[in-house]
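Below: the structure, in structure tokens.
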Amino acid sequence: MVVKIPLPDDDSVDIVGRTIDEKVHYRAFYDRINDDLISQIKLYRDREGDPVFIEPMSLRDYTESDEEADKRKTSLLGLYRPKEHKMPYEQLEKIRKDNGLVVCPSCGEAGRPRTLDHYLPQKSFPELAITLLNLTPMCDWCQGEKGESYKTATGSKKYIHPYFDDVNIPLYQIVFSKPYATPIISYSINSELPIELQELVQTHLIGIDFLNRFKGFFKTMYPSVLRRANESRIQGNLGLKEVLNMFMRMETEKAVNSWEAVLYRSILEDEDILYFLENEQLPDNL
């Protein structure tokens with residue numbers, strides 16, 4: 001958790017403009033909203049998706065009734081489900097299926113994310129339904145946990161933005177508590193980060209239910225760490241630190257905050273659990 005990813009190849013303003021140009025139905029509505037819609041996308045780009053500075057557009061300003069406003073909201077949301085030969089089908093497919101990612105950029109769990117998340121939710125911001133900068137690859141689990149939320153109770157930004165936030169640095173570490181044969185885990189935020197980023201990492205981790213999910217991952221992975229510790233003692237040709245460092249470097253190449261990289265880095269930085277793994281009695285059933 002998490003990964004900074006390159007911006008989409010296609011320009012968000014251009015794609016929305018071309019999509020609207022294709023519209024035949026509700027032409028009067030799209031003509032009325034076009035300029036303000038483009039301004040909203042430019043604001044999103046300039047403010048890097050920060051909801052502190054971006055308010056949803058009022059569709060009632062471009063329609064004759066509340067009923068019509070509701071219908072045009074449905075029209076805007078429908079732009080996100082184009083037919084194959086319509087804009088922006090190819091652009092959405094490129095981000096969804098051709099992103100080159102091997103971990104979820106929202107949480108860092110291994111696996112190629114095949115869904116797109118609206119960073120600012122489309123139900124609240126239907127005008128941003130096909131703004132590429134607002135669409136980030138995400139795993140199903142993160143998307144389910146994030147849902148429609150995007151602000152904290154105090155109105156600040158709740159989630160890290162994979163396109164804009166500088167997060168290709170260690171953001172947090174796992175904290176291990178005894179018994180080290182079956183550790184209890186928690187996490188702590190990297191205290192060297194700016195305070196604002198520390199707070200954002202915290203709300204993000206809570207929002208995607210990180211700790212409960214990582215506990216399941218850790219339960220599966222830790223026995224292999226114990227086995228590596230045991231093998232290092234028996235073979236004696238390569239110390240456990242060297243083995244863990246090798247694994248950590250390999251996983252960090254995928255993402256500095258991938259779950260595997262975080263696990264190995266956290267063990268290497270914790271002298272107590274490392275001492276246990278190198279010197280104390282390991283479980284018998286390895």
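Starting from 1 in every chain, residues are counted up; chains themselves are A, B, ... following the order of the structure tokens, and ligands are numbered from 1 as listed.
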
If we count only C-alpha atoms and set the cut-off at 6 Å, which residues sit around Val2 (chain A), ignoring sequence neighbours fewer than 4 positions away in its own chain? Please answer as a ChimeraX atom specification. /A:105-108,257

Hey, what's within 12 Å of region 150-156 of chain A if we count only C-alpha atoms and toss same-chain stuff fewer than 4 positions away? As a VMD selection string, please? chain A and resid 49 to 55 117 to 125 143 145 to 146 160 to 161 196 to 197 199 to 200 202 to 204 206 to 208

Residues of region 82-192 of chain A at most 12 Å from region 20-40 of chain A: nearest atom pair and distance in Å, only C-alpha atoms, as a Markdown table:
| residue | atom | partner | partner_atom | distance |
| --- | --- | --- | --- | --- |
| A:Pro82 | CA | A:Glu22 | CA | 11.3 |
| A:His85 | CA | A:Glu22 | CA | 11.2 |
| A:Lys86 | CA | A:Glu22 | CA | 8.1 |
| A:Met87 | CA | A:Glu22 | CA | 7.7 |
| A:Pro88 | CA | A:Ile20 | CA | 10.1 |
| A:Phe125 | CA | A:Gln40 | CA | 10.2 |
| A:Pro126 | CA | A:Leu37 | CA | 10.4 |
| A:Glu127 | CA | A:Leu37 | CA | 6.7 |
| A:Leu128 | CA | A:Gln40 | CA | 8.2 |
| A:Ala129 | CA | A:Leu37 | CA | 11.2 |
| A:Ile130 | CA | A:Ile20 | CA | 10.7 |
| A:Thr131 | CA | A:Ile38 | CA | 9.9 |
| A:Asn134 | CA | A:Gln40 | CA | 11.8 |

Just the residues within 9 Å of Lys73 (chain A), please, counting only C-alpha atoms, with nothing from its chain fewer than 3 positions along; format it as a PDB file with N, CA and C atoms, in the first residue's frame.
ATOM      1  N   LEU A  59     -26.638  19.632 -11.393  1.00  0.00           N
ATOM      2  CA  LEU A  59     -27.227  19.417 -12.715  1.00  0.00           C
ATOM      3  C   LEU A  59     -28.524  20.198 -12.885  1.00  0.00           C
ATOM      4  N   GLU A  68     -35.872  16.176 -14.583  1.00  0.00           N
ATOM      5  CA  GLU A  68     -34.953  16.150 -15.715  1.00  0.00           C
ATOM      6  C   GLU A  68     -33.507  16.051 -15.246  1.00  0.00           C
ATOM      7  N   ALA A  69     -33.191  16.727 -14.149  1.00  0.00           N
ATOM      8  CA  ALA A  69     -31.832  16.656 -13.600  1.00  0.00           C
ATOM      9  C   ALA A  69     -31.470  15.223 -13.226  1.00  0.00           C
ATOM     10  N   ASP A  70     -32.412  14.500 -12.609  1.00  0.00           N
ATOM     11  CA  ASP A  70     -32.170  13.096 -12.253  1.00  0.00           C
ATOM     12  C   ASP A  70     -31.933  12.252 -13.501  1.00  0.00           C
ATOM     13  N   LEU A  76     -25.271  10.902 -17.759  1.00  0.00           N
ATOM     14  CA  LEU A  76     -23.838  11.069 -17.521  1.00  0.00           C
ATOM     15  C   LEU A  76     -23.205   9.777 -17.020  1.00  0.00           C
ATOM     16  N   LEU A  77     -23.888   9.104 -16.113  1.00  0.00           N
ATOM     17  CA  LEU A  77     -23.363   7.835 -15.597  1.00  0.00           C
ATOM     18  C   LEU A  77     -23.286   6.798 -16.710  1.00  0.00           C
ATOM     19  N   GLY A  78     -24.205   6.873 -17.647  1.00  0.00           N
ATOM     20  CA  GLY A  78     -24.206   5.936 -18.764  1.00  0.00           C
ATOM     21  C   GLY A  78     -22.997   6.067 -19.674  1.00  0.00           C
ATOM     22  N   LYS A 123     -21.529   8.573  -8.194  1.00  0.00           N
ATOM     23  CA  LYS A 123     -22.875   8.932  -7.739  1.00  0.00           C
ATOM     24  C   LYS A 123     -22.919  10.366  -7.228  1.00  0.00           C
ATOM     25  N   PRO A 126     -21.307  12.712 -10.987  1.00  0.00           N
ATOM     26  CA  PRO A 126     -21.587  12.055 -12.270  1.00  0.00           C
ATOM     27  C   PRO A 126     -20.887  12.732 -13.440  1.00  0.00           C
ATOM     28  N   GLU A 127     -20.584  14.022 -13.288  1.00  0.00           N
ATOM     29  CA  GLU A 127     -19.907  14.741 -14.366  1.00  0.00           C
ATOM     30  C   GLU A 127     -18.470  14.248 -14.564  1.00  0.00           C
TER      31      GLU A 127
END

Which of region 153-232 of chain A DSSP labels strand (DSSP E or B), written as a compact mmCIF listing (two decimals) with C-alpha atoms, in the first residue's frame:
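Below is the file states.txt, written as the result:
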# COMPACT_ATOMS: atom_id res chain seq x y z
CA LYS A 157 -9.25 14.06 1.78
CA TYR A 172 4.20 2.12 7.27
CA GLN A 173 5.69 -0.89 9.00
CA ILE A 174 4.28 -3.95 10.69
CA VAL A 175 4.71 -4.14 14.46
CA PHE A 176 5.17 -7.63 15.95
CA SER A 177 4.23 -8.59 19.50
CA ILE A 184 0.25 -10.60 17.08
CA ILE A 185 0.56 -7.82 14.51
CA SER A 186 -0.38 -4.17 14.26
CA TYR A 187 1.11 -1.35 12.19
CA SER A 188 2.65 2.06 12.65
CA ILE A 189 2.91 4.90 10.16

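Shortest atom-to-atom contact with Lys215 (chain A) among A:Leu238, A:Ala229, A:Cys139, A:Leu263: A:Leu263, counting only C-alpha atoms.
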
Skipping near chain neighbours, those fewer than 2 positions away, what residues fall within 12 Å of Gln91 (chain A) using only C-alpha atoms, listed as a PyMOL selection string? chain A and resi 8-12+14-16+18-19+80-82+84-89+93-99+116+130-133+135

Quick one: write out the picked residues with C-alpha atoms as a PDB file, in the first residue's frame?
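Resulting contents of result-v7.pdb:
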ATOM      1  CA  PRO A   8      -3.303   7.908 -18.258  1.00  0.00           C
ATOM      2  CA  ASP A   9      -1.858   8.315 -21.745  1.00  0.00           C
ATOM      3  CA  ASP A  10      -4.979  10.036 -23.046  1.00  0.00           C
ATOM      4  CA  ASP A  11      -5.927  13.567 -22.060  1.00  0.00           C
ATOM      5  CA  SER A  12      -9.035  13.664 -19.848  1.00  0.00           C
ATOM      6  CA  ASP A  14      -9.956  15.713 -24.873  1.00  0.00           C
ATOM      7  CA  ILE A  15     -11.649  12.358 -24.195  1.00  0.00           C
ATOM      8  CA  VAL A  16     -14.669  13.939 -22.513  1.00  0.00           C
ATOM      9  CA  ARG A  18     -14.861  13.838 -27.976  1.00  0.00           C
ATOM     10  CA  THR A  19     -17.389  11.721 -26.095  1.00  0.00           C
ATOM     11  CA  TYR A  80     -19.067   5.056 -18.306  1.00  0.00           C
ATOM     12  CA  ARG A  81     -20.657   2.040 -20.015  1.00  0.00           C
ATOM     13  CA  PRO A  82     -20.040   2.764 -23.718  1.00  0.00           C
ATOM     14  CA  GLU A  84     -17.427  -1.147 -28.102  1.00  0.00           C
ATOM     15  CA  HIS A  85     -17.493   1.243 -31.038  1.00  0.00           C
ATOM     16  CA  LYS A  86     -18.233   4.331 -28.924  1.00  0.00           C
ATOM     17  CA  MET A  87     -16.057   6.756 -26.954  1.00  0.00           C
ATOM     18  CA  PRO A  88     -14.416   6.174 -24.512  1.00  0.00           C
ATOM     19  CA  TYR A  89     -14.520   2.348 -24.656  1.00  0.00           C
ATOM     20  CA  GLU A  93     -10.189  -0.733 -21.459  1.00  0.00           C
ATOM     21  CA  LYS A  94      -6.587   0.470 -21.670  1.00  0.00           C
ATOM     22  CA  ILE A  95      -6.580   1.619 -18.040  1.00  0.00           C
ATOM     23  CA  ARG A  96      -8.534  -1.408 -16.866  1.00  0.00           C
ATOM     24  CA  LYS A  97      -6.679  -4.190 -18.652  1.00  0.00           C
ATOM     25  CA  ASP A  98      -3.419  -2.721 -19.962  1.00  0.00           C
ATOM     26  CA  ASN A  99      -2.107  -0.986 -16.841  1.00  0.00           C
ATOM     27  CA  LEU A 116     -11.571   0.778 -12.126  1.00  0.00           C
ATOM     28  CA  ILE A 130     -15.421   9.250 -17.604  1.00  0.00           C
ATOM     29  CA  THR A 131     -12.682  11.629 -16.485  1.00  0.00           C
ATOM     30  CA  LEU A 132      -9.644   9.369 -16.875  1.00  0.00           C
ATOM     31  CA  LEU A 133      -7.743  11.110 -14.076  1.00  0.00           C
ATOM     32  CA  LEU A 135     -10.385   6.448 -12.739  1.00  0.00           C
TER      33      LEU A 135
END

If we count only C-alpha atoms and set the cut-off at 10 Å, which residues sit around Pro6 (chain A), ignoring sequence neighbours fewer than 4 positions away in its own chain? Please answer as an MDAnalysis selection string. chainID A and resid 99 162:164

State, in Å with one decimal place, the distance from CA of Leu244 (chain A) to CA of Asn279 (chain A).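 Distance reported for this atom pair: 15.5 Å.
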
Region 104-170 of chain A: residues DSSP assigns to alpha helix (DSSP H), reported as a VMD selection string: chain A and resid 140 to 146

Between CA of Asn230 (chain A) and CA of Leu286 (chain A), what is the distance, to one decimal in Å?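 Calculated distance between CA of Asn230 (chain A) and CA of Leu286 (chain A) is 8.1 Å.
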
Please list as a list in words every residue within 12 Å of Phe218 (chain A), counting only C-alpha atoms and excluding residues in the same chain fewer than 4 positions away.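 The residues satisfying every condition are Glu109, Ile174, Val175, Phe176, Thr182, Pro183, Ile184, Ile185, Ser186, Phe210, Leu211, Asn212, Arg213, Phe214, Tyr222, Pro223, Ser224, Val225, Leu226, Trp259, Glu260, Val262, Leu263, Tyr264 and Ile267 of chain A.
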
I'd like the neighbourhood of Leu101 (chain A) as a PyMOL selection string, where a residue qualifies if any of its atoms comes within 9 Å (using only C-alpha atoms), though same-chain residues fewer than 4 positions away should be ignored. chain A and resi 5+105+111-113+137+254
